[in-house]
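Pasted below: final.cif, mmCIF, C-alpha atoms.
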data_run
#
loop_
_atom_site.group_PDB
_atom_site.id
_atom_site.type_symbol
_atom_site.label_atom_id
_atom_site.label_comp_id
_atom_site.auth_asym_id
_atom_site.auth_seq_id
_atom_site.Cartn_x
_atom_site.Cartn_y
_atom_site.Cartn_z
ATOM 1 C CA MET Y 94 141.373 83.446 42.917
ATOM 2 C CA THR Y 95 139.608 83.257 39.543
ATOM 3 C CA GLN Y 96 140.501 82.515 35.926
ATOM 4 C CA ALA Y 97 140.162 85.252 33.291
ATOM 5 C CA GLY Y 98 140.974 83.810 29.907
ATOM 6 C CA THR Y 99 144.447 82.301 30.231
ATOM 7 C CA HIS Y 100 145.418 84.490 33.187
ATOM 8 C CA THR Y 101 144.851 83.872 36.883
ATOM 9 C CA VAL Y 102 143.219 86.854 38.586
ATOM 10 C CA LEU Y 103 144.133 87.165 42.254
ATOM 11 C CA ARG Y 104 141.858 88.929 44.705
ATOM 12 C CA ASP Y 105 141.774 89.347 48.475
ATOM 13 C CA ALA Y 106 139.765 91.418 50.929
ATOM 14 C CA LEU Y 107 141.507 94.572 49.693
ATOM 15 C CA GLY Y 108 140.565 93.943 46.058
ATOM 16 C CA LEU Y 109 142.421 92.836 42.945
ATOM 17 C CA LEU Y 110 146.151 92.269 43.224
ATOM 18 C CA LYS Y 111 148.316 94.152 40.749
ATOM 19 C CA ASP Y 112 150.564 92.344 38.313
ATOM 20 C CA ARG Y 113 153.825 91.464 40.076
ATOM 21 C CA GLU Y 114 156.008 92.667 37.186
ATOM 22 C CA LEU Y 115 154.119 95.941 36.844
ATOM 23 C CA VAL Y 116 154.575 96.705 40.552
ATOM 24 C CA ALA Y 117 158.300 95.970 40.322
ATOM 25 C CA GLU Y 118 158.764 98.119 37.214
ATOM 26 C CA ARG Y 119 157.139 101.099 38.930
ATOM 27 C CA LEU Y 120 159.298 100.607 42.007
ATOM 28 C CA LEU Y 121 162.406 100.438 39.828
ATOM 29 C CA GLU Y 122 161.427 103.737 38.191
ATOM 30 C CA ALA Y 123 160.947 105.325 41.612
ATOM 31 C CA SER Y 124 164.315 103.951 42.759
ATOM 32 C CA ALA Y 125 166.031 105.507 39.747
ATOM 33 C CA GLN Y 126 164.513 108.902 40.593
ATOM 34 C CA HIS Y 127 164.702 108.924 44.397
ATOM 35 C CA SER Y 128 167.709 107.023 45.731
ATOM 36 C CA PHE Y 129 170.450 108.487 47.899
ATOM 37 C CA ASP Y 130 174.094 107.948 48.723
ATOM 38 C CA PRO Y 131 174.282 108.788 52.457
ATOM 39 C CA ASP Y 132 178.045 109.314 52.273
ATOM 40 C CA GLU Y 133 177.518 112.145 49.800
ATOM 41 C CA GLU Y 134 174.055 113.348 50.838
ATOM 42 C CA LEU Y 135 174.792 113.979 54.535
ATOM 43 C CA ASP Y 136 177.386 116.236 56.159
ATOM 44 C CA TRP Y 137 179.145 113.779 58.432
ATOM 45 C CA ASP Y 138 181.884 116.249 59.349
ATOM 46 C CA ALA Y 139 179.536 118.890 60.780
ATOM 47 C CA PRO Y 140 179.663 119.100 64.593
ATOM 48 C CA LEU Y 141 176.721 117.853 66.627
ATOM 49 C CA GLU Y 142 174.384 120.593 67.830
ATOM 50 C CA ALA Y 143 174.339 121.373 71.549
ATOM 51 C CA GLY Y 144 170.954 120.962 73.221
ATOM 52 C CA LYS Y 145 169.360 119.054 70.323
ATOM 53 C CA TRP Y 146 167.811 115.618 70.592
ATOM 54 C CA PHE Y 147 168.846 112.414 68.854
ATOM 55 C CA TRP Y 148 165.217 111.242 68.952
ATOM 56 C CA PRO Y 149 161.985 113.163 69.622
ATOM 57 C CA PRO Y 150 161.407 113.123 73.396
ATOM 58 C CA GLU Y 151 157.813 111.874 73.039
ATOM 59 C CA LEU Y 152 159.159 108.715 71.370
ATOM 60 C CA ILE Y 153 161.677 107.920 74.101
ATOM 61 C CA SER Y 154 160.700 104.883 76.162
ATOM 62 C CA LEU Y 155 160.635 106.645 79.564
ATOM 63 C CA TYR Y 156 158.824 109.780 78.406
ATOM 64 C CA ASP Y 157 156.129 110.988 80.855
ATOM 65 C CA THR Y 158 157.016 108.429 83.543
ATOM 66 C CA PRO Y 159 157.838 109.356 87.164
ATOM 67 C CA LEU Y 160 161.481 108.530 86.427
ATOM 68 C CA TRP Y 161 161.482 110.846 83.402
ATOM 69 C CA ARG Y 162 160.148 113.686 85.519
ATOM 70 C CA ARG Y 163 163.035 113.213 87.982
ATOM 71 C CA MET Y 164 165.697 113.206 85.273
ATOM 72 C CA SER Y 165 167.667 116.325 84.384
ATOM 73 C CA GLU Y 166 167.410 117.729 80.862
ATOM 74 C CA GLU Y 167 171.001 116.643 80.241
ATOM 75 C CA GLN Y 168 170.171 113.070 81.276
ATOM 76 C CA ARG Y 169 167.082 113.041 79.054
ATOM 77 C CA LEU Y 170 169.133 114.194 76.069
ATOM 78 C CA ASP Y 171 171.713 111.510 76.842
ATOM 79 C CA LEU Y 172 169.024 108.831 77.027
ATOM 80 C CA ALA Y 173 167.734 109.968 73.632
ATOM 81 C CA ARG Y 174 171.235 109.595 72.194
ATOM 82 C CA HIS Y 175 171.590 106.064 73.526
ATOM 83 C CA GLU Y 176 168.067 105.017 72.499
ATOM 84 C CA ALA Y 177 168.741 106.310 68.981
ATOM 85 C CA ALA Y 178 171.849 104.106 68.897
ATOM 86 C CA SER Y 179 169.825 101.163 70.209
ATOM 87 C CA LEU Y 180 167.171 101.632 67.518
ATOM 88 C CA ALA Y 181 169.816 102.003 64.823
ATOM 89 C CA SER Y 182 171.456 98.782 66.044
ATOM 90 C CA LEU Y 183 168.096 97.015 65.919
ATOM 91 C CA GLY Y 184 167.539 98.420 62.435
ATOM 92 C CA ILE Y 185 170.846 96.997 61.195
ATOM 93 C CA TRP Y 186 169.970 93.596 62.673
ATOM 94 C CA PHE Y 187 166.596 93.590 60.932
ATOM 95 C CA GLU Y 188 168.066 94.729 57.629
ATOM 96 C CA ILE Y 189 170.673 91.977 57.629
ATOM 97 C CA ILE Y 190 167.870 89.452 58.235
ATOM 98 C CA LEU Y 191 165.761 91.061 55.505
ATOM 99 C CA MET Y 192 168.583 90.911 52.960
ATOM 100 C CA GLN Y 193 168.995 87.189 53.555
ATOM 101 C CA LEU Y 194 165.244 86.583 53.290
ATOM 102 C CA LEU Y 195 165.100 88.509 50.016
ATOM 103 C CA VAL Y 196 167.954 86.466 48.570
ATOM 104 C CA ARG Y 197 166.083 83.295 49.544
ATOM 105 C CA HIS Y 198 162.899 84.626 47.942
ATOM 106 C CA ILE Y 199 164.482 85.306 44.541
ATOM 107 C CA TYR Y 200 166.728 82.224 44.450
ATOM 108 C CA ASP Y 201 164.345 80.280 42.214
ATOM 109 C CA LYS Y 202 162.656 83.228 40.470
ATOM 110 C CA PRO Y 203 163.322 84.254 36.830
ATOM 111 C CA LEU Y 204 166.582 86.173 36.983
ATOM 112 C CA ASP Y 205 165.637 88.557 34.164
ATOM 113 C CA SER Y 206 162.338 89.580 35.795
ATOM 114 C CA ALA Y 207 161.641 93.060 37.138
ATOM 115 C CA HIS Y 208 160.543 91.381 40.403
ATOM 116 C CA VAL Y 209 164.031 89.958 40.947
ATOM 117 C CA ARG Y 210 165.719 93.143 39.735
ATOM 118 C CA TYR Y 211 163.794 95.194 42.267
ATOM 119 C CA ALA Y 212 164.647 92.767 45.076
ATOM 120 C CA LEU Y 213 168.335 93.230 44.233
ATOM 121 C CA THR Y 214 167.803 97.001 44.186
ATOM 122 C CA GLU Y 215 166.231 96.806 47.637
ATOM 123 C CA ILE Y 216 169.142 94.738 48.927
ATOM 124 C CA ALA Y 217 171.490 97.474 47.705
ATOM 125 C CA ASP Y 218 169.334 100.060 49.526
ATOM 126 C CA GLU Y 219 169.504 98.037 52.736
ATOM 127 C CA CYS Y 220 173.284 97.737 52.487
ATOM 128 C CA ARG Y 221 173.531 101.536 52.348
ATOM 129 C CA HIS Y 222 171.033 101.922 55.208
ATOM 130 C CA SER Y 223 172.967 99.555 57.448
ATOM 131 C CA MET Y 224 176.219 101.424 56.827
ATOM 132 C CA MET Y 225 174.424 104.747 57.377
ATOM 133 C CA PHE Y 226 172.988 103.620 60.716
ATOM 134 C CA ALA Y 227 176.367 102.313 61.861
ATOM 135 C CA ARG Y 228 178.016 105.601 60.925
ATOM 136 C CA MET Y 229 175.330 107.540 62.812
ATOM 137 C CA ILE Y 230 175.933 105.454 65.952
ATOM 138 C CA LYS Y 231 179.665 106.156 65.767
ATOM 139 C CA LYS Y 232 179.117 109.874 65.128
ATOM 140 C CA GLY Y 233 176.859 110.103 68.175
ATOM 141 C CA GLY Y 234 179.493 108.553 70.413
ATOM 142 C CA ALA Y 235 177.263 105.755 71.730
ATOM 143 C CA GLN Y 236 177.943 102.054 71.531
ATOM 144 C CA VAL Y 237 176.323 99.451 69.300
ATOM 145 C CA TYR Y 238 173.503 97.689 71.177
ATOM 146 C CA PRO Y 239 173.136 94.110 69.907
ATOM 147 C CA VAL Y 240 170.044 92.037 70.592
ATOM 148 C CA THR Y 241 170.282 89.209 73.120
ATOM 149 C CA LYS Y 242 171.900 85.915 72.160
ATOM 150 C CA LEU Y 243 168.467 84.293 72.366
ATOM 151 C CA HIS Y 244 166.932 86.702 69.875
ATOM 152 C CA HIS Y 245 170.044 86.549 67.694
ATOM 153 C CA ASN Y 246 169.735 82.771 67.456
ATOM 154 C CA LEU Y 247 165.953 82.834 67.036
ATOM 155 C CA ALA Y 248 166.616 84.940 63.951
ATOM 156 C CA ARG Y 249 168.915 82.201 62.649
ATOM 157 C CA VAL Y 250 165.966 79.818 62.885
ATOM 158 C CA LEU Y 251 163.647 82.326 61.197
ATOM 159 C CA LYS Y 252 166.039 82.790 58.286
ATOM 160 C CA THR Y 253 166.199 79.014 57.819
ATOM 161 C CA VAL Y 254 162.592 77.885 58.206
ATOM 162 C CA SER Y 255 160.462 80.959 57.515
ATOM 163 C CA THR Y 256 157.689 80.570 54.961
ATOM 164 C CA THR Y 257 157.689 83.094 52.124
ATOM 165 C CA PRO Y 258 154.633 84.956 53.487
ATOM 166 C CA GLY Y 259 156.166 84.769 56.957
ATOM 167 C CA SER Y 260 159.318 86.415 55.614
ATOM 168 C CA PHE Y 261 157.404 89.339 54.146
ATOM 169 C CA ALA Y 262 155.233 89.736 57.258
ATOM 170 C CA ALA Y 263 158.367 89.871 59.424
ATOM 171 C CA THR Y 264 159.854 92.377 56.983
ATOM 172 C CA LEU Y 265 156.872 94.686 57.438
ATOM 173 C CA LEU Y 266 157.057 94.324 61.215
ATOM 174 C CA GLY Y 267 160.669 95.468 61.160
ATOM 175 C CA GLU Y 268 159.997 98.339 58.766
ATOM 176 C CA GLU Y 269 156.645 99.921 59.481
ATOM 177 C CA ILE Y 270 156.867 100.802 63.193
ATOM 178 C CA LEU Y 271 160.301 102.370 62.804
ATOM 179 C CA ASP Y 272 159.083 104.101 59.652
ATOM 180 C CA TRP Y 273 156.177 105.658 61.586
ATOM 181 C CA MET Y 274 158.602 106.994 64.184
ATOM 182 C CA GLN Y 275 161.009 108.293 61.570
ATOM 183 C CA ARG Y 276 158.221 110.177 59.797
ATOM 184 C CA LEU Y 277 157.774 112.105 63.042
ATOM 185 C CA THR Y 278 161.522 112.595 63.408
ATOM 186 C CA PHE Y 279 162.824 114.026 60.135
ATOM 187 C CA PRO Y 280 160.667 117.205 60.148
ATOM 188 C CA ASP Y 281 161.273 117.831 63.884
ATOM 189 C CA GLU Y 282 163.603 120.824 64.269
ATOM 190 C CA ARG Y 283 164.368 119.854 67.870
ATOM 191 C CA VAL Y 284 166.315 116.863 66.524
ATOM 192 C CA GLN Y 285 169.969 116.822 65.403
ATOM 193 C CA THR Y 286 170.299 117.753 61.716
ATOM 194 C CA LEU Y 287 172.263 114.584 60.975
ATOM 195 C CA VAL Y 288 169.600 112.355 62.533
ATOM 196 C CA ARG Y 289 166.885 114.166 60.574
ATOM 197 C CA GLY Y 290 168.865 113.564 57.374
ATOM 198 C CA VAL Y 291 169.320 109.869 58.145
ATOM 199 C CA THR Y 292 165.616 109.384 58.870
ATOM 200 C CA ARG Y 293 164.566 111.344 55.764
ATOM 201 C CA ILE Y 294 166.631 109.087 53.490
ATOM 202 C CA HIS Y 295 165.327 105.985 55.225
ATOM 203 C CA VAL Y 296 161.680 107.066 55.011
ATOM 204 C CA VAL Y 297 161.862 107.844 51.276
ATOM 205 C CA GLU Y 298 163.537 104.571 50.353
ATOM 206 C CA GLU Y 299 161.619 102.388 52.820
ATOM 207 C CA ALA Y 300 158.311 103.493 51.294
ATOM 208 C CA ARG Y 301 159.232 101.425 48.224
ATOM 209 C CA HIS Y 302 160.311 98.466 50.348
ATOM 210 C CA VAL Y 303 156.997 98.496 52.217
ATOM 211 C CA ARG Y 304 155.051 98.601 48.938
ATOM 212 C CA TYR Y 305 157.017 95.619 47.582
ATOM 213 C CA ALA Y 306 156.538 93.590 50.780
ATOM 214 C CA ARG Y 307 152.823 94.402 51.099
ATOM 215 C CA GLU Y 308 152.061 93.441 47.503
ATOM 216 C CA GLU Y 309 153.985 90.187 47.804
ATOM 217 C CA LEU Y 310 152.483 89.275 51.191
ATOM 218 C CA ARG Y 311 148.980 89.770 49.786
ATOM 219 C CA ARG Y 312 149.857 87.493 46.869
ATOM 220 C CA GLN Y 313 151.370 84.858 49.142
ATOM 221 C CA MET Y 314 148.411 84.795 51.541
ATOM 222 C CA VAL Y 315 146.059 84.175 48.609
ATOM 223 C CA THR Y 316 148.150 81.466 46.941
ATOM 224 C CA ALA Y 317 149.874 79.688 49.869
ATOM 225 C CA PRO Y 318 148.472 76.361 51.112
ATOM 226 C CA ARG Y 319 146.477 76.482 54.323
ATOM 227 C CA TRP Y 320 149.249 75.021 56.498
ATOM 228 C CA GLU Y 321 151.611 77.754 55.317
ATOM 229 C CA GLN Y 322 149.067 80.458 56.060
ATOM 230 C CA GLU Y 323 148.583 79.094 59.594
ATOM 231 C CA LEU Y 324 152.324 78.829 60.202
ATOM 232 C CA THR Y 325 152.706 82.401 58.975
ATOM 233 C CA ARG Y 326 150.110 83.633 61.489
ATOM 234 C CA VAL Y 327 151.939 81.967 64.383
ATOM 235 C CA SER Y 328 155.472 82.908 63.283
ATOM 236 C CA THR Y 329 154.428 86.522 62.738
ATOM 237 C CA GLY Y 330 152.881 86.632 66.204
ATOM 238 C CA GLN Y 331 156.097 85.304 67.710
ATOM 239 C CA ALA Y 332 158.109 87.866 65.724
ATOM 240 C CA ALA Y 333 155.904 90.627 67.176
ATOM 241 C CA ARG Y 334 156.618 89.391 70.691
ATOM 242 C CA VAL Y 335 160.378 89.376 70.054
ATOM 243 C CA PHE Y 336 160.278 92.796 68.411
ATOM 244 C CA SER Y 337 158.390 94.428 71.266
ATOM 245 C CA VAL Y 338 160.939 93.161 73.794
ATOM 246 C CA ALA Y 339 164.012 93.939 71.660
ATOM 247 C CA PHE Y 340 162.885 97.418 70.629
ATOM 248 C CA VAL Y 341 165.068 99.194 73.205
ATOM 249 C CA ASN Y 342 168.097 97.484 74.721
ATOM 250 C CA PRO Y 343 167.880 97.782 78.575
ATOM 251 C CA GLN Y 344 171.591 98.556 78.682
ATOM 252 C CA VAL Y 345 170.739 102.127 77.619
ATOM 253 C CA TYR Y 346 169.299 102.819 81.082
ATOM 254 C CA THR Y 347 172.458 101.637 82.808
ATOM 255 C CA ASP Y 348 174.614 103.672 80.427
ATOM 256 C CA VAL Y 349 172.911 106.927 81.434
ATOM 257 C CA GLY Y 350 173.095 106.176 85.159
ATOM 258 C CA LEU Y 351 169.561 104.862 85.764
ATOM 259 C CA ASP Y 352 168.463 101.794 87.682
ATOM 260 C CA ARG Y 353 167.688 99.254 84.972
ATOM 261 C CA ARG Y 354 164.974 97.389 86.885
ATOM 262 C CA GLU Y 355 163.170 100.572 87.850
ATOM 263 C CA ALA Y 356 163.374 101.896 84.291
ATOM 264 C CA LEU Y 357 162.049 98.662 82.762
ATOM 265 C CA ALA Y 358 159.188 98.524 85.271
ATOM 266 C CA GLN Y 359 158.166 102.103 84.508
ATOM 267 C CA VAL Y 360 158.331 101.572 80.738
ATOM 268 C CA LYS Y 361 156.152 98.472 81.124
ATOM 269 C CA ALA Y 362 153.612 100.409 83.207
ATOM 270 C CA SER Y 363 153.626 103.482 80.957
ATOM 271 C CA GLY Y 364 150.330 104.182 79.240
ATOM 272 C CA HIS Y 365 152.051 106.715 76.980
ATOM 273 C CA ARG Y 366 154.600 104.141 75.815
ATOM 274 C CA ARG Y 367 151.883 101.591 75.118
ATOM 275 C CA GLU Y 368 149.963 104.157 73.042
ATOM 276 C CA VAL Y 369 153.100 105.078 71.079
ATOM 277 C CA MET Y 370 153.902 101.469 70.209
ATOM 278 C CA GLN Y 371 150.318 100.649 69.251
ATOM 279 C CA ALA Y 372 150.026 103.829 67.182
ATOM 280 C CA GLY Y 373 153.258 102.926 65.401
ATOM 281 C CA ALA Y 374 151.948 99.431 64.646
ATOM 282 C CA ARG Y 375 148.351 100.384 63.794
ATOM 283 C CA ARG Y 376 148.761 100.842 60.063
ATOM 284 C CA LEU Y 377 150.502 97.470 59.886
ATOM 285 C CA THR Y 378 148.069 95.605 62.156
ATOM 286 C CA ASP Y 379 145.090 96.991 60.219
ATOM 287 C CA PHE Y 380 146.666 95.714 57.001
ATOM 288 C CA LEU Y 381 147.527 92.295 58.448
ATOM 289 C CA ASP Y 382 144.004 92.004 59.833
ATOM 290 C CA ASP Y 383 142.493 92.816 56.433
ATOM 291 C CA ILE Y 384 144.488 90.118 54.629
ATOM 292 C CA GLY Y 385 143.871 87.400 57.225
ATOM 293 C CA VAL Y 386 147.183 87.258 59.106
ATOM 294 C CA LEU Y 387 145.804 88.295 62.520
ATOM 295 C CA ARG Y 388 143.733 85.243 63.342
ATOM 296 C CA GLY Y 389 143.602 82.581 66.036
ATOM 297 C CA VAL Y 390 146.728 81.955 68.077
ATOM 298 C CA GLY Y 391 148.676 84.492 66.036
ATOM 299 C CA ARG Y 392 146.280 87.288 67.003
ATOM 300 C CA ARG Y 393 146.551 86.384 70.683
ATOM 301 C CA MET Y 394 150.345 86.515 70.379
ATOM 302 C CA TRP Y 395 150.126 89.986 68.833
ATOM 303 C CA ARG Y 396 147.979 91.122 71.759
ATOM 304 C CA SER Y 397 150.459 89.728 74.263
ATOM 305 C CA SER Y 398 153.247 91.649 72.480
ATOM 306 C CA GLY Y 399 151.509 94.910 73.375
ATOM 307 C CA LEU Y 400 151.502 96.065 69.736
ATOM 308 C CA LEU Y 401 147.817 95.268 69.186
ATOM 309 C CA ALA Y 402 145.164 96.879 71.362
#
In structure tokens, what does this structure look like?
Amino acid sequence: MTQAGTHTVLRDALGLLKDRELVAERLLEASAQHSFDPDEELDWDAPLEAGKWFWPPELISLYDTPLWRRMSEEQRLDLARHEAASLASLGIWFEIILMQLLVRHIYDKPLDSAHVRYALTEIADECRHSMMFARMIKKGGAQVYPVTKLHHNLARVLKTVSTTPGSFAATLLGEEILDWMQRLTFPDERVQTLVRGVTRIHVVEEARHVRYAREELRRQMVTAPRWEQELTRVSTGQAARVFSVAFVNPQVYTDVGLDRREALAQVKASGHRREVMQAGARRLTDFLDDIGVLRGVGRRMWRSSGLLA
């Protein structure tokens, strides 16, 4: 952090930070040009397509395990449908948390600023995404898969005590891994047309949310006091551990007629699954490493989550 005339110039390992208002104004312009109403954009009345997946098979938790090889094609397709519902349920949970964290962030910010206006725009995006995911679950005929009571209540604590940089780091954790998977999903013609449409909308709009969160996290990690930086490293590591466990609700295995314990054991032992999760997190972990979040105890917690090689 240096002084240039009357302005403070912020710099981190990635270089100079852009002006907060300028970033927000550009994101607002992009939002005006590329925002979607899922109720109008997607054909919710079209019938589901026989033999098509709800999620690319390579991204399903049991893919390439001994249990997967014993499953019929019909059972694999059914597992994909339930895992898609589980991921959509997790996405809604994260987005509700994110909306509350964003409201906290802007509570004492200038209300006429572009930074606040973009945060409100993002909250509106997340409201539409949550409704879109819920509608997709219902259309697919699966149930909603809530997180455990423990994780639900841990999120209550996070929403209450999270530091500002911790909030944005948790936001990126919830967005970037799912975003990586969705970028593989929406162009995949093996996947249901409706699911491809849902993931396309989410990818386009989440790109702006990721940019906003990354820019603000960089700023916070430069300006926050040391204690807050250290707390952010630990809280982000704990969030990674929760996320890795909550990513797929084990009830999906029971709902498609599999033995839950056997399925969980094979997912845990799966080298393919580990590679998928680490590949999905790599862009995020590289970024967090560059800006000083993956240090000390926090880094060890990320390794124990399985998201960091």
Exercise for the section: Using the chain letters and numbers from the file, give me the residues hit by the PyMOL selection byres ((chain Y and resi 239-253) around 9), as a count of residues only. Expected result: 21
Problem - Atom-to-atom span, atom CA of Y:Gln275 and atom CA of Y:Val296, Å - result: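 Computing it gives 6.7 Å between the two atoms.
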So which residues touch Y:Arg113 within 10 Å, counting all atoms listed in the file, skipping near sequence neighbours fewer than 2 positions away, as an mmCIF file with C-alpha atoms, in the coordinates of the input?
data_model
loop_
_atom_site.group_PDB
_atom_site.id
_atom_site.type_symbol
_atom_site.label_atom_id
_atom_site.label_comp_id
_atom_site.auth_asym_id
_atom_site.auth_seq_id
_atom_site.Cartn_x
_atom_site.Cartn_y
_atom_site.Cartn_z
ATOM 1 C CA LEU Y 110 146.151 92.269 43.224
ATOM 2 C CA LYS Y 111 148.316 94.152 40.749
ATOM 3 C CA LEU Y 115 154.119 95.941 36.844
ATOM 4 C CA VAL Y 116 154.575 96.705 40.552
ATOM 5 C CA ALA Y 117 158.300 95.970 40.322
ATOM 6 C CA GLU Y 118 158.764 98.119 37.214
ATOM 7 C CA SER Y 206 162.338 89.580 35.795
ATOM 8 C CA ALA Y 207 161.641 93.060 37.138
ATOM 9 C CA HIS Y 208 160.543 91.381 40.403
ATOM 10 C CA TYR Y 305 157.017 95.619 47.582
ATOM 11 C CA GLU Y 308 152.061 93.441 47.503
ATOM 12 C CA GLU Y 309 153.985 90.187 47.804
ATOM 13 C CA ARG Y 312 149.857 87.493 46.869
#
Problem - Residue neighbourhood stretch 214-217 of chain Y, 9 Å, only C-alpha atoms, exclusion window fewer than 6 positions, as a count of residues only - result: 12
Problem - Closest of Y:Asp136, Y:Thr257, Y:Arg293, Y:Leu120 to Y:Thr316 - atom-to-atom distances counting only C-alpha atoms - result: Y:Thr257
Any chance you could work out the residue set of the PyMOL selection byres ((chain Y and resi 290) around 12) here, as a short mmCIF file (atom, residue, chain, number, x, y, z; two decimals) with C-alpha atoms, keeping the file's coordinate frame?
data_model
loop_
_atom_site.label_atom_id
_atom_site.label_comp_id
_atom_site.auth_asym_id
_atom_site.auth_seq_id
_atom_site.Cartn_x
_atom_site.Cartn_y
_atom_site.Cartn_z
CA PHE Y 129 170.45 108.49 47.90
CA ASP Y 130 174.09 107.95 48.72
CA PRO Y 131 174.28 108.79 52.46
CA ASP Y 132 178.04 109.31 52.27
CA GLU Y 133 177.52 112.14 49.80
CA GLU Y 134 174.06 113.35 50.84
CA LEU Y 135 174.79 113.98 54.54
CA ASP Y 136 177.39 116.24 56.16
CA TRP Y 137 179.14 113.78 58.43
CA PHE Y 147 168.85 112.41 68.85
CA MET Y 225 174.42 104.75 57.38
CA PHE Y 226 172.99 103.62 60.72
CA MET Y 229 175.33 107.54 62.81
CA GLN Y 275 161.01 108.29 61.57
CA ARG Y 276 158.22 110.18 59.80
CA THR Y 278 161.52 112.60 63.41
CA PHE Y 279 162.82 114.03 60.14
CA PRO Y 280 160.67 117.20 60.15
CA ASP Y 281 161.27 117.83 63.88
CA GLU Y 282 163.60 120.82 64.27
CA VAL Y 284 166.32 116.86 66.52
CA GLN Y 285 169.97 116.82 65.40
CA THR Y 286 170.30 117.75 61.72
CA LEU Y 287 172.26 114.58 60.98
CA VAL Y 288 169.60 112.36 62.53
CA ARG Y 289 166.88 114.17 60.57
CA VAL Y 291 169.32 109.87 58.14
CA THR Y 292 165.62 109.38 58.87
CA ARG Y 293 164.57 111.34 55.76
CA ILE Y 294 166.63 109.09 53.49
CA HIS Y 295 165.33 105.98 55.22
CA VAL Y 296 161.68 107.07 55.01
CA VAL Y 297 161.86 107.84 51.28
#
Handout entry: Residue nearest Y:Gln168 among Y:Val349, Y:Ala235, Y:Ala358, Y:Leu387 (counting only C-alpha atoms)
Key = Y:Val349
Handout entry: Selection near Y:Ile230, 8 Å with all atoms listed in the file, sequence-local residues under 6 positions removed, as number ranges by chain
Key = Y: 177-178, 181, 236-237
Problem - atom CA of Y:Gly391 to atom CA of Y:Trp273, distance in Å rounded to a single decimal - result: 22.9 Å
Problem - Using all atoms listed in the file: which of Y:Ala143, Y:Ala106, Y:Val338, Y:Met164 has the shortest distance to Y:Arg311 - result: Y:Ala106
Practice task
For Y:Ile199, please output as a list in words all residues within 8 Å (counting all atoms listed in the file; exclusion window: fewer than 4 positions along the same chain).
Solution key: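 Near Y:Ile199, the qualifying residues are Leu195, Pro203, Leu204, Val209 and Ala212 of chain Y.
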Practice task
Kindly provide, as a PyMOL selection string, the polymer residues lying within 12 Å of (158.1, 109.8, 83.8), counting all atoms listed in the file and using the coordinates exactly as they appear in the file.
Solution key: chain Y and resi 150-151+153-165+169+355-366
Handout entry: Within 10 Å of Y:Arg334 using all atoms listed in the file, minus same-chain residues under 5 positions, as a list in words
Key =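 Those residues are Ser328, Thr329, Ala339, Met394, Trp395, Arg396, Ser397, Ser398, Gly399 and Leu400 of chain Y.
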Exercise for the section: Identify which of the residues Y:Asp201, Y:Ala300, Y:Val327, Y:Leu107 lies closest to Y:Ser128, counting all atoms listed in the file when measuring atom-to-atom distances. Expected result: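 Of Y:Asp201, Y:Ala300, Y:Val327, Y:Leu107, the one nearest Y:Ser128, counting all atoms listed in the file, is Y:Ala300.
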Build an axis-aligned box that encloses every atom of stretch 377-385 of chain Y listed in the file, pad it by 3 Å on each side, and report its centre and edge lengths in Å to one decimal, as lines of an AutoDock Vina configuration file.
center_x = 146.5
center_y = 92.4
center_z = 58.4
size_x = 14.0
size_y = 16.1
size_z = 13.5
